[in-house]
Amino acid sequence: MKYTLLAFGAACIFSGCAHIAHTDIASGAYKPKAIYVRSYIDEGAHFKGHHGDSVGEHLIRRSLAPVAFSKALKEEMEKIAPALVVDADEEPTTGWLVESNLEWVHAGSPTERAILWPFGIGHSSVKIHVRITDLDRHHYVASDKDLSKGGSGDVIYEFDVSGGSNGPLGTVFAPGVGPAEEFDYKNVAERIYYALSIDPQKFGTRSSPSIRD
């Protein structure tokens, strides 16, 4: 196990991972009835780098970014409870509403990653603000982050997630010299799942109940 963890750490350094950068609210809530996922990207959000195969595709990729991230996050949240992506005009009434604001999405440059990655040039980076509301509680107080457009419930978790990809070699965490967008979304979604789960990698699992000296 320790060698697996060492390899995982090296992969994060030389390819790409994500981490919780800042937490505003951590309630200890768990075991939701259901999870609803919704994502946004503001007009002023930073969206740069290599998105798509041409400059003309850039605006299309930006418009689809919230959908792409919601899809990745739904796949991870389904490991906790039944999950569904909802539109901006849909207001679920029970379970958790997981809202994400894509504040910074920079896909970097595959060419620069291939040649100049030791200098940190060409790497991708993302920053996403996440707010989780328990819709079965009704004492909702909005923060200064522009996420929820309505609905009621207690904000039980609120935090920022950062991540990115670097290096010329592709792994399950990073694109290497390929497009970074989907890898970074998946890494962030997986990190959110890890943060909201208890022992998601089963570190405490025993193959035998016996205690040995």
# chains A, B, ... in the order shown; residues from 1 in each chain; ligands from 1
>>> residues_around(residues="A:Arg61", least_positions_apart="6", cutoff="10 Å", atoms="only C-alpha atoms", output="list in words")
Phe47, His51, Gly52, Val67, Ala68 and Glu181 of chain A
>>> select_by_dssp(residues="stretch 109-203 of chain A", states="strand (DSSP E)", output="ChimeraX atom specification")
/A:125-134,154-165
>>> residues_around(residues="A:Ala114", least_positions_apart="6", cutoff="10 Å", atoms="only C-alpha atoms", output="PyMOL selection string")
chain A and resi 121-123+166-169+176-178
>>> write_last_selection(atoms="N, CA and C atoms", output="mmCIF file, in the first residue's frame")
data_model
loop_
_atom_site.group_PDB
_atom_site.id
_atom_site.type_symbol
_atom_site.label_atom_id
_atom_site.label_comp_id
_atom_site.auth_asym_id
_atom_site.auth_seq_id
_atom_site.Cartn_x
_atom_site.Cartn_y
_atom_site.Cartn_z
ATOM 1 N N ILE A 121 5.424 25.548 -18.054
ATOM 2 C CA ILE A 121 4.770 26.244 -19.170
ATOM 3 C C ILE A 121 3.860 25.269 -19.913
ATOM 4 N N GLY A 122 2.671 25.726 -20.236
ATOM 5 C CA GLY A 122 1.718 24.901 -20.962
ATOM 6 C C GLY A 122 0.775 24.102 -20.085
ATOM 7 N N HIS A 123 0.957 24.194 -18.765
ATOM 8 C CA HIS A 123 0.111 23.404 -17.876
ATOM 9 C C HIS A 123 -1.315 23.965 -17.856
ATOM 10 N N ASN A 166 -0.055 18.673 -15.962
ATOM 11 C CA ASN A 166 1.268 19.075 -16.425
ATOM 12 C C ASN A 166 2.005 17.839 -16.939
ATOM 13 N N GLY A 167 3.054 18.059 -17.675
ATOM 14 C CA GLY A 167 3.887 16.959 -18.135
ATOM 15 C C GLY A 167 3.484 16.409 -19.493
ATOM 16 N N PRO A 168 4.440 15.809 -20.214
ATOM 17 C CA PRO A 168 4.195 15.313 -21.565
ATOM 18 C C PRO A 168 3.617 13.903 -21.619
ATOM 19 N N LEU A 169 3.607 13.193 -20.493
ATOM 20 C CA LEU A 169 3.157 11.805 -20.480
ATOM 21 C C LEU A 169 1.720 11.715 -19.980
ATOM 22 N N GLY A 176 -1.343 14.525 -20.852
ATOM 23 C CA GLY A 176 -0.077 14.606 -21.556
ATOM 24 C C GLY A 176 -0.143 15.691 -22.620
ATOM 25 N N VAL A 177 0.035 15.323 -23.874
ATOM 26 C CA VAL A 177 -0.030 16.304 -24.958
ATOM 27 C C VAL A 177 -1.401 16.317 -25.633
ATOM 28 N N GLY A 178 -2.407 15.770 -24.944
ATOM 29 C CA GLY A 178 -3.773 15.811 -25.453
ATOM 30 C C GLY A 178 -4.571 16.921 -24.786
#
>>> select_by_dssp(residues="stretch 1-155 of chain A", states="alpha helix (DSSP H)", output="number ranges by chain")
A: 2-14, 58-77, 110-116
>>> write_last_selection(atoms="C-alpha atoms", output="mmCIF file, in the first residue's frame")
data_model
loop_
_atom_site.group_PDB
_atom_site.id
_atom_site.type_symbol
_atom_site.label_atom_id
_atom_site.label_comp_id
_atom_site.auth_asym_id
_atom_site.auth_seq_id
_atom_site.Cartn_x
_atom_site.Cartn_y
_atom_site.Cartn_z
ATOM 1 C CA LYS A 2 2.737 2.476 0.870
ATOM 2 C CA TYR A 3 4.286 2.021 -2.578
ATOM 3 C CA THR A 4 0.880 2.645 -4.184
ATOM 4 C CA LEU A 5 0.522 5.881 -2.237
ATOM 5 C CA LEU A 6 4.053 6.927 -3.231
ATOM 6 C CA ALA A 7 3.261 6.314 -6.890
ATOM 7 C CA PHE A 8 -0.003 8.222 -6.552
ATOM 8 C CA GLY A 9 1.837 11.183 -5.029
ATOM 9 C CA ALA A 10 4.393 11.168 -7.831
ATOM 10 C CA ALA A 11 1.591 11.092 -10.409
ATOM 11 C CA CYS A 12 0.057 14.188 -8.822
ATOM 12 C CA ILE A 13 3.347 16.057 -8.964
ATOM 13 C CA PHE A 14 4.333 15.153 -12.522
ATOM 14 C CA HIS A 58 -13.582 27.916 -28.259
ATOM 15 C CA LEU A 59 -16.917 29.633 -27.621
ATOM 16 C CA ILE A 60 -18.781 26.351 -28.089
ATOM 17 C CA ARG A 61 -16.557 24.601 -25.545
ATOM 18 C CA ARG A 62 -17.141 27.420 -23.080
ATOM 19 C CA SER A 63 -20.924 27.153 -23.420
ATOM 20 C CA LEU A 64 -20.734 23.381 -22.850
ATOM 21 C CA ALA A 65 -18.303 23.576 -19.906
ATOM 22 C CA PRO A 66 -20.988 23.532 -17.167
ATOM 23 C CA VAL A 67 -22.649 20.515 -18.796
ATOM 24 C CA ALA A 68 -19.330 18.679 -19.122
ATOM 25 C CA PHE A 69 -18.427 19.268 -15.495
ATOM 26 C CA SER A 70 -21.921 18.363 -14.272
ATOM 27 C CA LYS A 71 -21.673 15.051 -16.116
ATOM 28 C CA ALA A 72 -18.311 14.252 -14.518
ATOM 29 C CA LEU A 73 -19.571 15.252 -11.064
ATOM 30 C CA LYS A 74 -22.793 13.239 -11.403
ATOM 31 C CA GLU A 75 -20.770 10.089 -12.123
ATOM 32 C CA GLU A 76 -18.834 10.601 -8.886
ATOM 33 C CA MET A 77 -21.835 11.613 -6.740
ATOM 34 C CA PRO A 110 -0.429 20.574 -25.418
ATOM 35 C CA THR A 111 2.548 21.707 -27.527
ATOM 36 C CA GLU A 112 4.095 23.708 -24.700
ATOM 37 C CA ARG A 113 3.491 20.853 -22.236
ATOM 38 C CA ALA A 114 5.392 18.531 -24.551
ATOM 39 C CA ILE A 115 8.458 20.788 -24.746
ATOM 40 C CA LEU A 116 8.528 23.179 -21.788
#
>>> atom_distance(atom1="atom CA of A:Gly56", atom2="atom CA of A:His129")
27.6 Å
>>> atom_distance(atom1="atom CA of A:Val161", atom2="atom CA of A:Tyr194")
11.9 Å
>>> residues_around(residues="A:Gly164", least_positions_apart="5", cutoff="6 Å", atoms="only C-alpha atoms", output="list in words")
Gly16, Ser124, Ser125, Val126 and Asp184 of chain A
>>> atom_distance(atom1="atom CA of A:Pro200", atom2="atom CA of A:Leu97")
20.9 Å
>>> closest_residue(among="A:Gly108, A:Gly120, A:Gly163, A:Pro92", to="A:Thr133", atoms="only C-alpha atoms")
A:Pro92
>>> closest_residue(among="A:Glu78, A:Glu103, A:Asp87, A:Glu57", to="A:Glu43", atoms="only C-alpha atoms")
A:Glu103
>>> closest_residue(among="A:Val55, A:Val172, A:Ala34, A:Ile198", to="A:Lys186", atoms="only C-alpha atoms")
A:Val172
>>> residues_around(residues="A:Thr93", least_positions_apart="6", cutoff="12 Å", atoms="only C-alpha atoms", output="MDAnalysis selection string")
chainID A and resid 33:36 86 133:138 150:153
>>> closest_residue(among="A:Asp199, A:Arg38, A:Ile25, A:Gly204", to="A:Asp89", atoms="only C-alpha atoms")
A:Arg38
